[in-house]
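See below for run.txt, which holds compact mmCIF, C-alpha atoms.
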```txt
# COMPACT_ATOMS: atom_id res chain seq x y z
CA MET A 1 0.62 -54.40 16.58
CA LYS A 2 1.23 -51.30 14.46
CA ASN A 3 1.04 -53.36 11.26
CA LYS A 4 -2.19 -54.92 12.45
CA ILE A 5 -3.73 -51.49 13.05
CA ILE A 6 -2.71 -50.43 9.53
CA LEU A 7 -4.21 -53.61 8.09
CA PHE A 8 -7.38 -52.96 10.11
CA TRP A 9 -7.81 -49.55 8.49
CA VAL A 10 -7.08 -51.00 5.05
CA ILE A 11 -9.93 -53.47 5.60
CA VAL A 12 -12.22 -50.65 6.76
CA ILE A 13 -11.39 -48.59 3.66
CA LEU A 14 -12.00 -51.60 1.39
CA THR A 15 -15.37 -52.12 3.05
CA ILE A 16 -16.37 -48.47 2.56
CA ILE A 17 -15.28 -48.58 -1.09
CA SER A 18 -17.33 -51.76 -1.58
CA ILE A 19 -20.43 -50.13 -0.09
CA VAL A 20 -20.00 -47.10 -2.37
CA CYS A 21 -19.57 -49.33 -5.45
CA ILE A 22 -22.69 -51.32 -4.61
CA SER A 23 -24.68 -48.12 -4.01
CA LEU A 24 -23.60 -46.34 -7.20
CA LYS A 25 -23.74 -49.25 -9.64
CA PRO A 26 -26.63 -51.73 -9.42
CA ALA A 27 -26.08 -55.39 -10.20
CA ARG A 28 -26.59 -56.59 -13.78
CA LEU A 29 -29.29 -59.25 -13.98
CA GLY A 30 -29.38 -62.02 -16.55
CA LEU A 31 -31.99 -63.10 -19.04
CA ASP A 32 -33.64 -65.47 -16.59
CA LEU A 33 -34.32 -62.68 -14.08
CA LYS A 34 -34.75 -59.52 -16.16
CA GLY A 35 -35.20 -60.56 -19.77
CA GLY A 36 -33.54 -58.90 -22.73
CA SER A 37 -33.39 -59.11 -26.51
CA ARG A 38 -33.17 -61.88 -29.06
CA ILE A 39 -31.27 -61.43 -32.33
CA VAL A 40 -31.22 -63.93 -35.19
CA ILE A 41 -28.38 -63.71 -37.71
CA GLU A 42 -27.68 -65.72 -40.84
CA ALA A 43 -24.33 -66.57 -42.41
CA GLN A 44 -24.08 -65.34 -46.00
CA THR A 45 -22.43 -66.94 -49.00
CA THR A 46 -20.17 -64.87 -51.24
CA GLU A 47 -18.33 -65.23 -54.53
CA THR A 48 -15.52 -67.03 -52.72
CA ILE A 49 -17.72 -68.91 -50.20
CA ALA A 50 -20.15 -71.12 -52.09
CA LYS A 51 -21.36 -73.18 -49.11
CA ILE A 52 -21.62 -72.59 -45.37
CA THR A 53 -20.01 -75.50 -43.51
CA GLN A 54 -20.37 -76.50 -39.87
CA ASP A 55 -16.77 -75.46 -39.20
CA MET A 56 -17.61 -71.98 -40.49
CA MET A 57 -20.65 -71.81 -38.18
CA ASP A 58 -18.58 -72.92 -35.17
CA ALA A 59 -15.96 -70.27 -35.98
CA LEU A 60 -18.68 -67.64 -36.48
CA LYS A 61 -20.26 -68.52 -33.12
CA ALA A 62 -16.91 -68.32 -31.30
CA THR A 63 -15.98 -65.00 -32.94
CA ILE A 64 -19.33 -63.40 -32.12
CA ASP A 65 -19.07 -64.58 -28.51
CA ARG A 66 -15.61 -62.98 -28.19
CA ARG A 67 -16.88 -59.76 -29.77
CA ILE A 68 -19.97 -59.10 -27.68
CA ASN A 69 -18.73 -60.81 -24.52
CA PRO A 70 -14.97 -60.09 -24.40
CA GLN A 71 -14.71 -60.42 -20.59
CA GLY A 72 -16.82 -63.61 -20.54
CA VAL A 73 -19.10 -62.29 -17.78
CA ALA A 74 -22.14 -60.97 -19.68
CA GLU A 75 -24.17 -64.23 -19.68
CA ILE A 76 -24.96 -63.95 -23.40
CA THR A 77 -26.49 -67.07 -24.99
CA ILE A 78 -25.60 -68.09 -28.57
CA GLN A 79 -27.25 -71.13 -30.19
CA GLN A 80 -27.22 -72.46 -33.72
CA ILE A 81 -30.54 -72.82 -35.54
CA GLY A 82 -30.53 -74.96 -38.63
CA GLU A 83 -27.54 -74.85 -40.94
CA LYS A 84 -26.85 -71.13 -41.31
CA LYS A 85 -28.54 -69.24 -38.44
CA LEU A 86 -27.50 -68.24 -34.95
CA LEU A 87 -29.85 -67.20 -32.14
CA ILE A 88 -28.29 -64.64 -29.78
CA GLU A 89 -29.99 -63.73 -26.49
CA ILE A 90 -28.69 -60.64 -24.72
CA PRO A 91 -29.59 -59.28 -21.23
CA THR A 92 -31.47 -55.98 -21.12
CA ASP A 93 -28.54 -54.10 -19.61
CA SER A 94 -26.40 -54.67 -22.72
CA ASP A 95 -26.00 -51.86 -25.27
CA LEU A 96 -27.92 -53.30 -28.23
CA LYS A 97 -26.74 -50.62 -30.64
CA THR A 98 -23.12 -51.52 -29.93
CA VAL A 99 -23.93 -55.21 -30.23
CA ARG A 100 -25.53 -54.71 -33.64
CA GLU A 101 -22.49 -52.76 -34.84
CA LYS A 102 -20.12 -55.48 -33.66
CA LEU A 103 -22.22 -58.11 -35.41
CA SER A 104 -22.20 -56.22 -38.71
CA GLN A 105 -18.50 -55.26 -38.83
CA THR A 106 -16.06 -57.65 -40.44
CA ALA A 107 -13.03 -56.39 -38.44
CA GLU A 108 -10.60 -57.00 -41.30
CA LEU A 109 -7.12 -55.59 -40.67
CA GLU A 110 -4.66 -55.36 -43.56
CA PHE A 111 -1.29 -53.69 -44.12
CA LYS A 112 -0.88 -52.48 -47.71
CA LYS A 113 2.37 -51.55 -49.45
CA PRO A 114 2.71 -48.66 -51.91
CA VAL A 115 2.73 -49.16 -55.68
CA LEU A 116 5.56 -46.97 -57.00
CA ASP A 117 6.51 -45.59 -60.40
CA ASP A 118 10.08 -45.11 -61.67
CA LYS A 119 10.48 -41.95 -59.58
CA ASP A 120 9.16 -43.57 -56.37
CA ASN A 121 5.87 -41.70 -56.57
CA ILE A 122 2.97 -43.56 -54.98
CA LEU A 123 0.43 -44.68 -57.57
CA GLY A 124 -1.76 -46.69 -55.20
CA TRP A 125 -1.77 -49.51 -52.64
CA GLU A 126 -1.66 -53.27 -52.87
CA SER A 127 -1.83 -56.10 -50.38
CA SER A 128 1.38 -56.89 -48.51
CA GLY A 129 0.16 -60.25 -47.22
CA LEU A 130 0.18 -58.97 -43.60
CA THR A 131 -3.36 -59.20 -42.19
CA GLY A 132 -5.27 -59.61 -38.95
CA SER A 133 -4.70 -63.37 -39.12
CA ASP A 134 -1.04 -62.62 -38.28
CA LEU A 135 -2.05 -60.73 -35.15
CA GLU A 136 -1.39 -62.19 -31.69
CA ARG A 137 -2.82 -59.43 -29.51
CA ALA A 138 -4.16 -55.87 -29.69
CA GLU A 139 -4.11 -53.49 -26.72
CA GLU A 140 -5.14 -49.95 -25.87
CA GLY A 141 -2.31 -47.46 -25.41
CA THR A 142 -1.17 -43.86 -25.72
CA ASP A 143 1.82 -42.18 -27.35
CA ASN A 144 4.19 -39.71 -25.69
CA ALA A 145 1.70 -36.90 -26.29
CA GLY A 146 -1.13 -38.81 -24.62
CA ARG A 147 -2.98 -39.55 -27.87
CA TRP A 148 -4.87 -42.83 -27.96
CA GLN A 149 -3.52 -45.59 -30.22
CA VAL A 150 -3.93 -49.30 -30.89
CA GLN A 151 -0.82 -51.30 -30.01
CA LEU A 152 -0.35 -54.49 -32.04
CA SER A 153 1.69 -57.62 -31.29
CA PHE A 154 2.22 -60.03 -34.17
CA ASN A 155 2.77 -63.77 -33.95
CA GLY A 156 6.00 -65.32 -35.24
CA GLN A 157 4.93 -65.40 -38.87
CA GLY A 158 3.45 -61.92 -38.65
CA ALA A 159 6.63 -60.52 -37.08
CA ARG A 160 8.70 -61.86 -39.97
CA LYS A 161 6.28 -60.40 -42.53
CA PHE A 162 6.31 -57.03 -40.76
CA ALA A 163 10.12 -56.96 -40.56
CA LYS A 164 10.38 -57.72 -44.28
CA LEU A 165 7.76 -55.07 -45.11
CA THR A 166 9.45 -52.31 -43.06
CA LYS A 167 12.88 -53.21 -44.43
CA GLU A 168 11.73 -53.07 -48.05
CA PHE A 169 9.82 -49.79 -47.74
CA ARG A 170 12.01 -47.89 -45.30
CA GLY A 171 11.49 -44.15 -45.81
CA LEU A 172 8.11 -44.73 -47.47
CA PRO A 173 4.59 -44.93 -46.06
CA ILE A 174 2.60 -48.11 -45.64
CA ALA A 175 -1.19 -48.02 -45.32
CA ILE A 176 -3.16 -49.68 -42.53
CA TYR A 177 -6.69 -50.63 -43.58
CA PHE A 178 -9.46 -51.53 -41.13
CA ASN A 179 -12.78 -52.77 -42.52
CA GLY A 180 -11.72 -51.67 -46.00
CA GLU A 181 -10.87 -48.09 -45.01
CA SER A 182 -7.43 -46.52 -44.64
CA ILE A 183 -7.06 -45.35 -41.06
CA SER A 184 -3.34 -44.61 -40.95
CA GLU A 185 -0.40 -44.21 -43.36
CA PRO A 186 2.74 -44.08 -41.20
CA VAL A 187 6.16 -43.53 -42.78
CA VAL A 188 8.62 -46.34 -42.04
CA GLN A 189 11.70 -44.92 -40.31
CA ALA A 190 13.63 -48.15 -39.89
CA GLU A 191 13.25 -51.91 -40.09
CA ILE A 192 11.10 -53.17 -37.20
CA THR A 193 12.03 -56.66 -36.03
CA GLY A 194 10.28 -56.86 -32.66
CA GLY A 195 6.86 -57.78 -34.04
CA LYS A 196 5.28 -54.64 -32.58
CA ALA A 197 3.30 -51.91 -34.35
CA GLU A 198 0.98 -49.02 -33.50
CA ILE A 199 -2.10 -47.68 -35.23
CA THR A 200 -2.17 -43.93 -34.61
CA GLY A 201 -4.63 -41.23 -35.56
CA SER A 202 -7.23 -38.90 -34.11
CA PHE A 203 -8.91 -41.64 -32.11
CA THR A 204 -11.01 -41.36 -28.98
CA ARG A 205 -10.59 -43.95 -26.26
CA GLU A 206 -13.98 -45.47 -27.18
CA GLN A 207 -12.89 -45.90 -30.81
CA VAL A 208 -9.61 -47.50 -29.74
CA LYS A 209 -11.39 -49.86 -27.33
CA GLU A 210 -13.86 -50.91 -30.02
CA MET A 211 -11.03 -51.62 -32.47
CA VAL A 212 -9.09 -53.57 -29.85
CA ASP A 213 -12.12 -55.71 -28.96
CA LEU A 214 -12.86 -56.44 -32.61
CA LEU A 215 -9.24 -57.24 -33.47
CA ASN A 216 -8.81 -59.55 -30.49
CA ALA A 217 -12.09 -61.31 -31.33
CA GLY A 218 -10.95 -61.77 -34.92
CA ALA A 219 -12.60 -61.19 -38.26
CA LEU A 220 -15.87 -62.94 -39.03
CA PRO A 221 -15.11 -66.14 -40.96
CA VAL A 222 -18.18 -65.49 -43.13
CA PRO A 223 -20.39 -62.41 -43.56
CA ALA A 224 -23.46 -62.39 -41.32
CA LYS A 225 -26.79 -60.60 -41.72
CA ILE A 226 -29.24 -59.70 -38.94
CA LEU A 227 -32.63 -61.23 -39.84
CA GLU A 228 -34.73 -60.28 -36.83
CA GLU A 229 -34.64 -58.72 -33.41
CA ASN A 230 -37.28 -58.90 -30.66
CA ALA A 231 -37.70 -58.73 -26.91
CA VAL A 232 -37.49 -61.80 -24.69
CA SER A 233 -39.26 -62.07 -21.34
CA PRO A 234 -37.49 -63.27 -18.19
CA THR A 235 -37.79 -67.03 -17.75
CA LEU A 236 -37.97 -66.76 -13.97
CA GLY A 237 -38.77 -63.14 -13.18
CA ILE A 238 -38.72 -60.87 -10.17
CA ASP A 239 -40.44 -63.39 -7.87
CA SER A 240 -37.54 -65.81 -8.22
CA LEU A 241 -35.09 -62.98 -7.57
CA ASN A 242 -36.94 -61.95 -4.40
CA GLN A 243 -37.07 -65.56 -3.23
CA SER A 244 -33.34 -65.89 -3.84
CA LYS A 245 -32.66 -62.73 -1.85
CA PHE A 246 -34.84 -63.96 1.01
CA ALA A 247 -33.19 -67.39 1.01
CA GLY A 248 -29.72 -65.81 0.96
CA ILE A 249 -30.47 -63.36 3.79
CA LEU A 250 -32.20 -66.04 5.87
CA GLY A 251 -29.38 -68.52 5.37
CA LEU A 252 -26.73 -65.92 6.19
CA GLY A 253 -28.65 -64.84 9.30
CA VAL A 254 -29.01 -68.39 10.63
CA VAL A 255 -25.33 -69.11 10.05
CA MET A 256 -24.29 -65.89 11.80
CA LEU A 257 -26.48 -66.73 14.82
CA PHE A 258 -24.96 -70.22 15.00
CA MET A 259 -21.42 -68.81 14.88
CA LEU A 260 -22.25 -66.27 17.59
CA PHE A 261 -23.91 -68.86 19.86
CA TYR A 262 -21.30 -71.62 19.48
CA TYR A 263 -18.04 -69.66 19.23
CA ARG A 264 -19.04 -66.54 21.20
CA VAL A 265 -16.65 -63.61 20.58
CA PRO A 266 -14.69 -65.35 17.79
CA GLY A 267 -18.05 -66.09 16.22
CA LEU A 268 -18.90 -62.39 16.36
CA ILE A 269 -15.59 -61.60 14.67
CA ALA A 270 -16.35 -64.22 12.01
CA ASP A 271 -19.77 -62.64 11.44
CA ILE A 272 -18.17 -59.23 10.89
CA ALA A 273 -15.62 -60.80 8.50
CA LEU A 274 -18.48 -62.55 6.69
CA ILE A 275 -20.32 -59.26 6.16
CA ILE A 276 -17.11 -57.62 4.88
CA TYR A 277 -16.54 -60.62 2.59
CA SER A 278 -20.07 -60.43 1.17
CA LEU A 279 -19.76 -56.71 0.46
CA ILE A 280 -16.35 -57.02 -1.25
CA VAL A 281 -17.46 -59.92 -3.46
CA PHE A 282 -20.70 -58.20 -4.51
CA ALA A 283 -18.79 -54.97 -5.26
CA ILE A 284 -16.37 -56.93 -7.48
CA PHE A 285 -19.34 -58.37 -9.37
CA ASN A 286 -20.75 -54.87 -9.92
CA VAL A 287 -17.48 -53.23 -10.94
CA THR A 288 -16.40 -55.98 -13.36
CA GLY A 289 -19.85 -56.17 -14.96
CA VAL A 290 -20.64 -59.76 -13.97
CA THR A 291 -24.21 -60.60 -14.99
CA LEU A 292 -26.02 -62.39 -12.18
CA THR A 293 -28.32 -65.23 -13.16
CA LEU A 294 -30.04 -67.51 -10.69
CA ALA A 295 -27.15 -69.97 -11.13
CA GLY A 296 -24.66 -67.17 -10.45
CA ILE A 297 -26.49 -66.19 -7.28
CA ALA A 298 -26.37 -69.84 -6.19
CA GLY A 299 -22.59 -69.82 -6.68
CA TYR A 300 -22.31 -66.63 -4.62
CA ILE A 301 -24.37 -68.09 -1.74
CA LEU A 302 -22.37 -71.34 -1.87
CA SER A 303 -19.13 -69.38 -1.56
CA ILE A 304 -20.49 -67.76 1.62
CA GLY A 305 -20.93 -71.25 3.07
CA MET A 306 -17.32 -72.07 2.22
CA ALA A 307 -16.19 -68.86 3.94
CA VAL A 308 -18.00 -69.98 7.10
CA ASP A 309 -16.40 -73.42 6.82
CA ALA A 310 -12.93 -71.82 6.80
CA ASN A 311 -13.69 -69.91 10.00
CA ILE A 312 -14.97 -73.05 11.72
CA LEU A 313 -11.74 -74.89 10.92
CA ILE A 314 -9.70 -72.00 12.30
CA PHE A 315 -11.67 -71.67 15.52
CA GLU A 316 -11.63 -75.41 16.23
CA ARG A 317 -7.86 -75.48 15.77
CA THR A 318 -7.49 -72.44 18.02
CA LYS A 319 -9.62 -74.06 20.74
CA GLU A 320 -7.43 -77.16 20.59
CA GLU A 321 -4.33 -75.03 21.09
CA LEU A 322 -5.91 -73.22 24.04
CA LYS A 323 -6.84 -76.56 25.63
CA SER A 324 -3.18 -77.61 25.32
CA GLY A 325 -2.14 -74.64 27.47
CA ARG A 326 -0.85 -72.18 24.87
CA THR A 327 -1.21 -68.42 25.30
CA LEU A 328 -3.79 -66.55 23.24
CA PHE A 329 -1.28 -65.12 20.77
CA THR A 330 0.38 -68.49 20.18
CA ALA A 331 -2.96 -70.34 20.04
CA ILE A 332 -4.40 -67.94 17.44
CA ASN A 333 -1.30 -68.04 15.23
CA THR A 334 -0.91 -71.82 15.51
CA GLY A 335 -4.61 -72.38 14.96
CA PHE A 336 -4.55 -70.33 11.76
CA ASP A 337 -1.35 -72.01 10.56
CA ARG A 338 -2.69 -75.53 11.16
CA ALA A 339 -6.04 -74.77 9.55
CA PHE A 340 -4.56 -73.02 6.51
CA THR A 341 -3.46 -76.23 4.79
CA SER A 342 -6.95 -77.72 4.97
CA ILE A 343 -8.55 -74.45 3.86
CA PHE A 344 -6.12 -74.03 0.97
CA ASP A 345 -6.53 -77.62 -0.26
CA SER A 346 -10.33 -77.54 -0.19
CA ASN A 347 -10.53 -74.12 -1.81
CA MET A 348 -8.02 -74.99 -4.54
CA SER A 349 -10.00 -78.14 -5.34
CA THR A 350 -13.11 -75.99 -5.72
CA ILE A 351 -11.28 -73.43 -7.89
CA ILE A 352 -9.92 -76.16 -10.18
CA THR A 353 -13.45 -77.49 -10.59
CA CYS A 354 -14.67 -73.96 -11.35
CA VAL A 355 -12.00 -73.52 -14.02
CA ILE A 356 -13.05 -76.75 -15.72
CA LEU A 357 -16.73 -75.75 -15.59
CA TYR A 358 -15.95 -72.28 -16.91
CA PHE A 359 -14.05 -73.45 -19.98
CA LEU A 360 -16.18 -76.50 -20.79
CA GLY A 361 -19.65 -75.51 -19.61
CA SER A 362 -22.44 -73.45 -21.14
CA ASN A 363 -22.86 -69.75 -20.35
CA ILE A 364 -25.18 -70.48 -17.42
CA VAL A 365 -22.66 -72.94 -15.97
CA LYS A 366 -19.90 -70.39 -16.59
CA GLY A 367 -21.80 -67.84 -14.49
CA PHE A 368 -22.06 -70.30 -11.59
CA ALA A 369 -18.37 -71.21 -11.87
CA LEU A 370 -17.23 -67.59 -12.07
CA THR A 371 -19.17 -66.33 -9.04
CA LEU A 372 -18.15 -69.36 -6.98
CA ALA A 373 -14.45 -69.01 -7.91
CA VAL A 374 -14.37 -65.28 -7.11
CA GLY A 375 -16.18 -65.92 -3.84
CA VAL A 376 -13.78 -68.69 -2.81
CA LEU A 377 -10.71 -66.53 -3.52
CA ILE A 378 -12.07 -63.62 -1.49
CA SER A 379 -13.16 -65.98 1.32
CA MET A 380 -9.53 -67.04 1.78
CA PHE A 381 -8.62 -63.37 2.21
CA SER A 382 -11.44 -62.74 4.69
CA ALA A 383 -10.72 -65.86 6.77
CA ILE A 384 -6.93 -65.65 6.88
CA THR A 385 -6.52 -61.86 6.94
CA VAL A 386 -9.67 -60.21 8.29
CA THR A 387 -10.59 -62.73 11.00
CA LYS A 388 -7.01 -63.24 12.21
CA ASN A 389 -6.29 -59.51 12.32
CA PHE A 390 -9.47 -58.73 14.26
CA MET A 391 -8.80 -61.53 16.77
CA HIS A 392 -5.30 -60.26 17.54
CA ILE A 393 -6.54 -56.68 17.96
CA MET A 394 -9.39 -57.74 20.26
CA PHE A 395 -7.66 -60.38 22.40
CA GLY A 396 -4.05 -59.18 22.46
CA THR A 397 -1.21 -61.53 23.41
CA GLY A 398 -1.74 -62.59 27.04
CA GLN A 399 -3.44 -65.53 28.76
CA LEU A 400 -7.13 -66.25 28.17
CA LYS A 401 -8.79 -64.64 31.21
CA ASN A 402 -12.36 -65.55 30.31
CA PRO A 403 -12.60 -68.97 28.60
CA ALA A 404 -16.34 -68.49 28.06
CA LEU A 405 -15.49 -65.92 25.37
CA PHE A 406 -14.22 -68.85 23.28
CA GLY A 407 -16.99 -71.22 24.29
CA LEU A 408 -14.62 -73.10 26.63
CA LYS A 409 -14.92 -74.16 30.25
CA GLU A 410 -12.69 -72.44 32.77
CA ALA A 411 -11.65 -75.76 34.33
CA ASP A 412 -10.33 -77.03 30.99
CA ILE A 413 -8.18 -73.93 30.51
CA ASN A 414 -6.87 -73.94 34.11
CA ASP A 415 -5.95 -77.62 33.86
CA ALA A 416 -4.23 -76.98 30.53
CA TYR A 417 -2.21 -74.07 31.90
CA GLN A 418 -1.27 -76.11 35.01
CA ALA A 419 -0.18 -79.06 32.89
CA ALA A 420 1.88 -76.79 30.63
CA GLU A 421 3.53 -75.13 33.63
CA THR A 422 4.35 -78.53 35.16
CA LYS A 423 5.89 -79.67 31.90
CA ARG A 424 8.06 -76.56 31.75
CA GLU A 425 9.23 -77.07 35.35
CA LYS A 426 10.17 -80.67 34.62
CA ALA A 427 12.04 -79.60 31.53
CA LYS A 428 14.19 -77.26 33.64
CA PHE A 429 15.48 -80.23 35.63
CA GLY A 430 15.83 -82.51 32.65
CA VAL A 431 12.83 -84.64 33.59
CA LEU A 432 11.04 -86.08 30.52
CA ASP A 433 7.58 -87.65 30.56
```
What would you get if you wrote out this structure as structure tokens?
Amino acid sequence: MKNKIILFWVIVILTIISIVCISLKPARLGLDLKGGSRIVIEAQTTETIAKITQDMMDALKATIDRRINPQGVAEITIQQIGEKKLLIEIPTDSDLKTVREKLSQTAELEFKKPVLDDKDNILGWESSGLTGSDLERAEEGTDNAGRWQVQLSFNGQGARKFAKLTKEFRGLPIAIYFNGESISEPVVQAEITGGKAEITGSFTREQVKEMVDLLNAGALPVPAKILEENAVSPTLGIDSLNQSKFAGILGLGVVMLFMLFYYRVPGLIADIALIIYSLIVFAIFNVTGVTLTLAGIAGYILSIGMAVDANILIFERTKEELKSGRTLFTAINTGFDRAFTSIFDSNMSTIITCVILYFLGSNIVKGFALTLAVGVLISMFSAITVTKNFMHIMFGTGQLKNPALFGLKEADINDAYQAAETKREKAKFGVLD
């Protein structure tokens, strides 16, 4: 019981934190509900790129999406127009200045080796062949003094190039260029064979984060120029948002009344767990920056329905155990254990579907899949942990004194207990039915 009390207070603290997060940070609304900005960019030819191909446009689209939507939750729309243009629609809450900077930067990373004279004096720098294309991952980090740095991990080919470079120029500096500018010239102390490197300097955390996002997104396959930028109105507007809120609150209220009427006290516990679940999920959306479109809201409401479904399975199993003569503690535990398999299978099927929709669908479909998947995962926590913990705290471990609390008839419970007692008495004397 002590562990259950601790878990109870953990749930209470999580609920309070969720309420604070929702209060301090409002939800981000998508283009369909709040509007935003529209930017048109055009791929540019260069001396080395005579013609823009469709493969270049596909690569440009993917790179831009990774740059301005690194977490995949911003509901940004990117569409190709004609042969060389991309239309980018961005929700109002996005930082347009930052977006424009990310669109204009090439994000080219290059390690350059020194050009030496006969006395090993550095005359200049030349390409070493190690570039951002050899990069596997970039991450934010700090050194021993707490200074911000970019931590690099090279792929197999890049690791071999880096090992060769550091072996050849041990004791000499190598230059790290980003977007054509030297940002660091570290002196090589020893050959580095682990495929790891750091970019150090007088960086702020914001500068490091920007570099990491750009490096992970990759360099633009072709230069791009911003042609126009203008505002875009919401396609649905505030009326649709208000209607969605009303529908969600009404649906939740009707479901909670049904649970309370049909399952009595367990239904009340399920209602409390449902409220906690809704708060935690919405707080996660706010904290992680998920942009809510109408499709995303639909996924959130659908996940609430699945959370209710899990509680119904649990309560029906528990009622069956009580009717078979089990004590409250045993009936609750057995009911949860028997229902868990069905809950897990149905939820995993939904999550697998959400994963497929997220990776293969459009941005609007991704928003629906993301909110539904997050909701389903949290609903398993609320049903298995919150509801079960509250039921044990409220009902204890003894016999069910008032069957009406579970929506059962007293005669059914008495007959079940009598039958169970008779079976135990027969078992003492070796009598089998």
Skipping near chain neighbours, those fewer than 6 positions away, what residues fall within 7 Å of Thr131 in chain A using all atoms listed in the file, listed as a list in words? Leu109, Glu110 and Phe111 of chain A
Contacts of Ser362 in chain A within 10 Å, all atoms listed in the file, excl. fewer than 5 positions in-chain, as a short mmCIF file (atom, residue, chain, number, x, y, z; two decimals) with C-alpha atoms, keeping the file's coordinate frame:
```cif
data_model
loop_
_atom_site.label_atom_id
_atom_site.label_comp_id
_atom_site.auth_asym_id
_atom_site.auth_seq_id
_atom_site.Cartn_x
_atom_site.Cartn_y
_atom_site.Cartn_z
CA GLU A 75 -24.17 -64.23 -19.68
CA THR A 77 -26.49 -67.07 -24.99
CA ILE A 78 -25.60 -68.09 -28.57
CA LEU A 357 -16.73 -75.75 -15.59
CA GLY A 367 -21.80 -67.84 -14.49
#
```
Please identify all polymer residues within 6 Å of range 27-39 of chain A, counting all atoms listed in the file, omitting same-chain residues fewer than 4 positions from it, and present them as a PyMOL selection string. chain A and resi 87-92+228-237+286+291-293
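With CA of Val365 in chain A on one side and CA of Ser379 in chain A on the other, the separation reads 20.9 Å.
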Closest of A:Tyr358, A:Phe315, A:Tyr300, A:Phe406 to Leu377 in chain A, counting all atoms listed in the file, is A:Tyr300
Rebuild range 269-283 of chain A to N, CA and C atoms - output it as a PDB file, keeping the file's coordinate frame, please.
```pdb
ATOM      1  N   ILE A 269     -16.622 -62.069  15.602  1.00  0.00           N
ATOM      2  CA  ILE A 269     -15.590 -61.600  14.670  1.00  0.00           C
ATOM      3  C   ILE A 269     -15.795 -62.241  13.287  1.00  0.00           C
ATOM      4  N   ALA A 270     -16.106 -63.534  13.281  1.00  0.00           N
ATOM      5  CA  ALA A 270     -16.350 -64.220  12.010  1.00  0.00           C
ATOM      6  C   ALA A 270     -17.560 -63.632  11.294  1.00  0.00           C
ATOM      7  N   ASP A 271     -18.587 -63.256  12.052  1.00  0.00           N
ATOM      8  CA  ASP A 271     -19.770 -62.640  11.440  1.00  0.00           C
ATOM      9  C   ASP A 271     -19.419 -61.311  10.774  1.00  0.00           C
ATOM     10  N   ILE A 272     -18.592 -60.516  11.465  1.00  0.00           N
ATOM     11  CA  ILE A 272     -18.170 -59.230  10.890  1.00  0.00           C
ATOM     12  C   ILE A 272     -17.356 -59.474   9.618  1.00  0.00           C
ATOM     13  N   ALA A 273     -16.433 -60.470   9.684  1.00  0.00           N
ATOM     14  CA  ALA A 273     -15.620 -60.800   8.500  1.00  0.00           C
ATOM     15  C   ALA A 273     -16.501 -61.301   7.364  1.00  0.00           C
ATOM     16  N   LEU A 274     -17.574 -62.019   7.704  1.00  0.00           N
ATOM     17  CA  LEU A 274     -18.480 -62.550   6.690  1.00  0.00           C
ATOM     18  C   LEU A 274     -19.231 -61.418   5.988  1.00  0.00           C
ATOM     19  N   ILE A 275     -19.637 -60.424   6.756  1.00  0.00           N
ATOM     20  CA  ILE A 275     -20.320 -59.260   6.160  1.00  0.00           C
ATOM     21  C   ILE A 275     -19.366 -58.510   5.230  1.00  0.00           C
ATOM     22  N   ILE A 276     -18.124 -58.301   5.712  1.00  0.00           N
ATOM     23  CA  ILE A 276     -17.110 -57.620   4.880  1.00  0.00           C
ATOM     24  C   ILE A 276     -16.867 -58.423   3.598  1.00  0.00           C
ATOM     25  N   TYR A 277     -16.752 -59.746   3.752  1.00  0.00           N
ATOM     26  CA  TYR A 277     -16.540 -60.620   2.590  1.00  0.00           C
ATOM     27  C   TYR A 277     -17.678 -60.478   1.578  1.00  0.00           C
ATOM     28  N   SER A 278     -18.911 -60.518   2.064  1.00  0.00           N
ATOM     29  CA  SER A 278     -20.070 -60.430   1.170  1.00  0.00           C
ATOM     30  C   SER A 278     -20.100 -59.116   0.416  1.00  0.00           C
ATOM     31  N   LEU A 279     -19.759 -58.027   1.102  1.00  0.00           N
ATOM     32  CA  LEU A 279     -19.760 -56.710   0.460  1.00  0.00           C
ATOM     33  C   LEU A 279     -18.669 -56.610  -0.606  1.00  0.00           C
ATOM     34  N   ILE A 280     -17.462 -57.098  -0.289  1.00  0.00           N
ATOM     35  CA  ILE A 280     -16.350 -57.020  -1.250  1.00  0.00           C
ATOM     36  C   ILE A 280     -16.656 -57.832  -2.499  1.00  0.00           C
ATOM     37  N   VAL A 281     -17.166 -59.049  -2.316  1.00  0.00           N
ATOM     38  CA  VAL A 281     -17.460 -59.920  -3.460  1.00  0.00           C
ATOM     39  C   VAL A 281     -18.538 -59.294  -4.346  1.00  0.00           C
ATOM     40  N   PHE A 282     -19.605 -58.787  -3.730  1.00  0.00           N
ATOM     41  CA  PHE A 282     -20.700 -58.200  -4.510  1.00  0.00           C
ATOM     42  C   PHE A 282     -20.225 -56.942  -5.241  1.00  0.00           C
ATOM     43  N   ALA A 283     -19.339 -56.163  -4.597  1.00  0.00           N
ATOM     44  CA  ALA A 283     -18.790 -54.970  -5.260  1.00  0.00           C
ATOM     45  C   ALA A 283     -17.939 -55.365  -6.465  1.00  0.00           C
TER      46      ALA A 283
END
```
